[in-house]
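**Q** The structure under discussion is supplied below as structure tokens; questions concerning it will follow.
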Amino acid sequence: MNAVLAIDIAGLHVPDAGPVFFAALAVHVAAGATAVVAGVLATTARKRPGRHPRAGTVYLYGIAVVFVTATVMAILRWRQDRHLFVIATVAFGLAVFGWWARRRRFGRWMAWHGSAMAGSYVALFTGFYVDNGPQLPVWDRLPHLAYWLVPAAVGAPLTWRALLRNGAVGAR
């Protein structure tokens, strides 16, 4: 059995899979952090022109870069990272659908837009915890299944609340 070589960065074990992998990972981390901040700014902004659509656009670009870099890393380490490629594909696909729903404004577009963007954000966190949870304080004590389920368990009620508050669902 081959031992996986790893580099320790700030207490996290990073696979030593060569310079292309490491470069993709560096860009991936920066894009992921950008997407997280942009997502917070978009969700806390009033849903009108200004901060919300600007932050949403930054989120969309950030998640696109996360998807591209996850694809590169998965190609280089398919057996170990294919599940992360699937999560990144879901996150990017939901973000694009949310953007498209907003542009097309079809029936109940606001519910579709909000649900898709929130689902993308949940997928972003799911990928982070699935990959890094075993190395994080407190998270390292949780069962592996929690890395997959906790982001959705937290995100679903918050999404529902946001959709209700913004009139996207509920009595009309």
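Residues are named by chain letter and number: chains run A, B, ... in the order of the structure tokens, numbers start at 1 in each chain, and ligands are numbered from 1 in the order shown.
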Run DSSP on the backbone and tell me which residues of stretch 4-108 of chain A come out as alpha helix (DSSP H); list them as a PyMOL selection string.
**A** chain A and resi 19-44+51-76+78-104
**Q** Please dump the current selection as an mmCIF file, in the first residue's frame; keep C-alpha atoms.
**A**
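Output (result-v8.cif):
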```cif
data_model
loop_
_atom_site.group_PDB
_atom_site.id
_atom_site.type_symbol
_atom_site.label_atom_id
_atom_site.label_comp_id
_atom_site.auth_asym_id
_atom_site.auth_seq_id
_atom_site.Cartn_x
_atom_site.Cartn_y
_atom_site.Cartn_z
ATOM 1 C CA PRO A 19 3.179 21.705 -7.776
ATOM 2 C CA VAL A 20 0.093 21.795 -10.025
ATOM 3 C CA PHE A 21 -2.059 20.352 -7.247
ATOM 4 C CA PHE A 22 -0.587 22.750 -4.702
ATOM 5 C CA ALA A 23 -1.125 25.785 -6.976
ATOM 6 C CA ALA A 24 -4.709 24.706 -7.677
ATOM 7 C CA LEU A 25 -5.256 24.226 -3.931
ATOM 8 C CA ALA A 26 -3.933 27.723 -3.134
ATOM 9 C CA VAL A 27 -6.300 29.302 -5.679
ATOM 10 C CA HIS A 28 -9.104 27.000 -4.480
ATOM 11 C CA VAL A 29 -8.728 28.136 -0.868
ATOM 12 C CA ALA A 30 -8.687 31.826 -1.861
ATOM 13 C CA ALA A 31 -11.750 31.395 -4.094
ATOM 14 C CA GLY A 32 -13.578 29.423 -1.402
ATOM 15 C CA ALA A 33 -12.887 32.108 1.210
ATOM 16 C CA THR A 34 -14.043 34.771 -1.241
ATOM 17 C CA ALA A 35 -17.246 32.824 -1.905
ATOM 18 C CA VAL A 36 -17.915 32.426 1.823
ATOM 19 C CA VAL A 37 -17.537 36.177 2.484
ATOM 20 C CA ALA A 38 -19.539 37.133 -0.621
ATOM 21 C CA GLY A 39 -22.274 34.691 0.392
ATOM 22 C CA VAL A 40 -22.552 36.267 3.833
ATOM 23 C CA LEU A 41 -22.693 39.752 2.293
ATOM 24 C CA ALA A 42 -25.372 38.689 -0.201
ATOM 25 C CA THR A 43 -27.548 36.929 2.369
ATOM 26 C CA THR A 44 -27.410 39.788 4.869
ATOM 27 C CA ARG A 51 -24.835 45.155 -2.280
ATOM 28 C CA HIS A 52 -26.945 42.021 -2.796
ATOM 29 C CA PRO A 53 -26.406 41.599 -6.554
ATOM 30 C CA ARG A 54 -22.769 42.751 -6.362
ATOM 31 C CA ALA A 55 -21.980 40.230 -3.630
ATOM 32 C CA GLY A 56 -23.962 37.576 -5.509
ATOM 33 C CA THR A 57 -21.883 38.167 -8.625
ATOM 34 C CA VAL A 58 -18.659 37.855 -6.611
ATOM 35 C CA TYR A 59 -20.068 34.636 -5.101
ATOM 36 C CA LEU A 60 -20.837 33.258 -8.568
ATOM 37 C CA TYR A 61 -17.298 33.971 -9.785
ATOM 38 C CA GLY A 62 -15.811 32.562 -6.584
ATOM 39 C CA ILE A 63 -17.785 29.340 -6.821
ATOM 40 C CA ALA A 64 -16.846 29.032 -10.502
ATOM 41 C CA VAL A 65 -13.165 29.151 -9.546
ATOM 42 C CA VAL A 66 -13.791 26.649 -6.741
ATOM 43 C CA PHE A 67 -15.357 24.331 -9.330
ATOM 44 C CA VAL A 68 -12.482 24.712 -11.817
ATOM 45 C CA THR A 69 -9.784 24.168 -9.202
ATOM 46 C CA ALA A 70 -11.666 21.225 -7.658
ATOM 47 C CA THR A 71 -11.819 19.719 -11.136
ATOM 48 C CA VAL A 72 -8.050 20.100 -11.566
ATOM 49 C CA MET A 73 -7.329 18.589 -8.156
ATOM 50 C CA ALA A 74 -9.766 15.720 -8.732
ATOM 51 C CA ILE A 75 -8.164 14.902 -12.067
ATOM 52 C CA LEU A 76 -4.782 14.714 -10.336
ATOM 53 C CA TRP A 78 -9.309 11.032 -8.760
ATOM 54 C CA ARG A 79 -9.578 8.108 -6.330
ATOM 55 C CA GLN A 80 -9.137 10.361 -3.287
ATOM 56 C CA ASP A 81 -11.022 13.477 -4.498
ATOM 57 C CA ARG A 82 -13.810 12.404 -6.849
ATOM 58 C CA HIS A 83 -16.468 13.012 -4.203
ATOM 59 C CA LEU A 84 -15.176 16.580 -3.805
ATOM 60 C CA PHE A 85 -15.506 17.046 -7.564
ATOM 61 C CA VAL A 86 -19.159 15.959 -7.315
ATOM 62 C CA ILE A 87 -19.816 18.394 -4.443
ATOM 63 C CA ALA A 88 -18.135 21.248 -6.358
ATOM 64 C CA THR A 89 -20.216 20.403 -9.432
ATOM 65 C CA VAL A 90 -23.414 20.558 -7.371
ATOM 66 C CA ALA A 91 -22.363 23.864 -5.744
ATOM 67 C CA PHE A 92 -21.527 25.445 -9.093
ATOM 68 C CA GLY A 93 -24.603 24.025 -10.830
ATOM 69 C CA LEU A 94 -26.933 25.375 -8.144
ATOM 70 C CA ALA A 95 -25.246 28.796 -8.249
ATOM 71 C CA VAL A 96 -25.633 28.981 -12.035
ATOM 72 C CA PHE A 97 -29.275 27.893 -11.760
ATOM 73 C CA GLY A 98 -29.890 30.541 -9.080
ATOM 74 C CA TRP A 99 -28.301 33.194 -11.298
ATOM 75 C CA TRP A 100 -30.355 31.996 -14.272
ATOM 76 C CA ALA A 101 -33.621 32.036 -12.275
ATOM 77 C CA ARG A 102 -32.934 35.645 -11.299
ATOM 78 C CA ARG A 103 -32.196 36.625 -14.917
ATOM 79 C CA ARG A 104 -35.257 34.876 -16.398
#
```
**Q** Could you produce a table of the residues of stretch 52-120 of chain A lying within 12 Å of stretch 144-160 of chain A, with the nearest pair of atoms per residue and their separation in Å rounded to one decimal, using only C-alpha atoms, ordered by chain and increasing residue number, as a Markdown table?
**A**
```
| residue | atom | partner | partner_atom | distance |
| --- | --- | --- | --- | --- |
| A:His83 | CA | A:Trp148 | CA | 11.2 |
| A:Leu84 | CA | A:Trp148 | CA | 11.4 |
| A:Ile87 | CA | A:Trp148 | CA | 10.2 |
| A:Ala111 | CA | A:Trp160 | CA | 9.5 |
| A:Trp112 | CA | A:Thr159 | CA | 11.3 |
| A:His113 | CA | A:Thr159 | CA | 11.2 |
| A:Gly114 | CA | A:Thr159 | CA | 7.5 |
| A:Ser115 | CA | A:Thr159 | CA | 6.8 |
| A:Ala116 | CA | A:Thr159 | CA | 9.8 |
| A:Met117 | CA | A:Thr159 | CA | 9.5 |
| A:Ala118 | CA | A:Thr159 | CA | 6.4 |
| A:Gly119 | CA | A:Gly155 | CA | 7.8 |
| A:Ser120 | CA | A:Gly155 | CA | 10.3 |
```
**Q** Please run DSSP on the backbone and report, as a ChimeraX atom specification, all residues within stretch 1-158 of chain A that come out as strand (DSSP E).
**A** /A:6-9,12-15
**Q** In Å, how far is it from atom CA of A:Pro143 to atom CA of A:Asp131?
**A**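 Pair atom CA of A:Pro143 / atom CA of A:Asp131 returns 13.3 Å.
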**Q** Could you jot down the atom CA of A:Gly167 to atom CA of A:Met110 separation for me, Å, one decimal place?
**A**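 Value for the atom CA of A:Gly167-atom CA of A:Met110 distance: 8.4 Å.
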**Q** Quick one, how far is atom CA of A:Ala123 from atom CA of A:Asp140?
**A**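 Atom CA of A:Asp140 lies at a distance of 19.5 Å from atom CA of A:Ala123.
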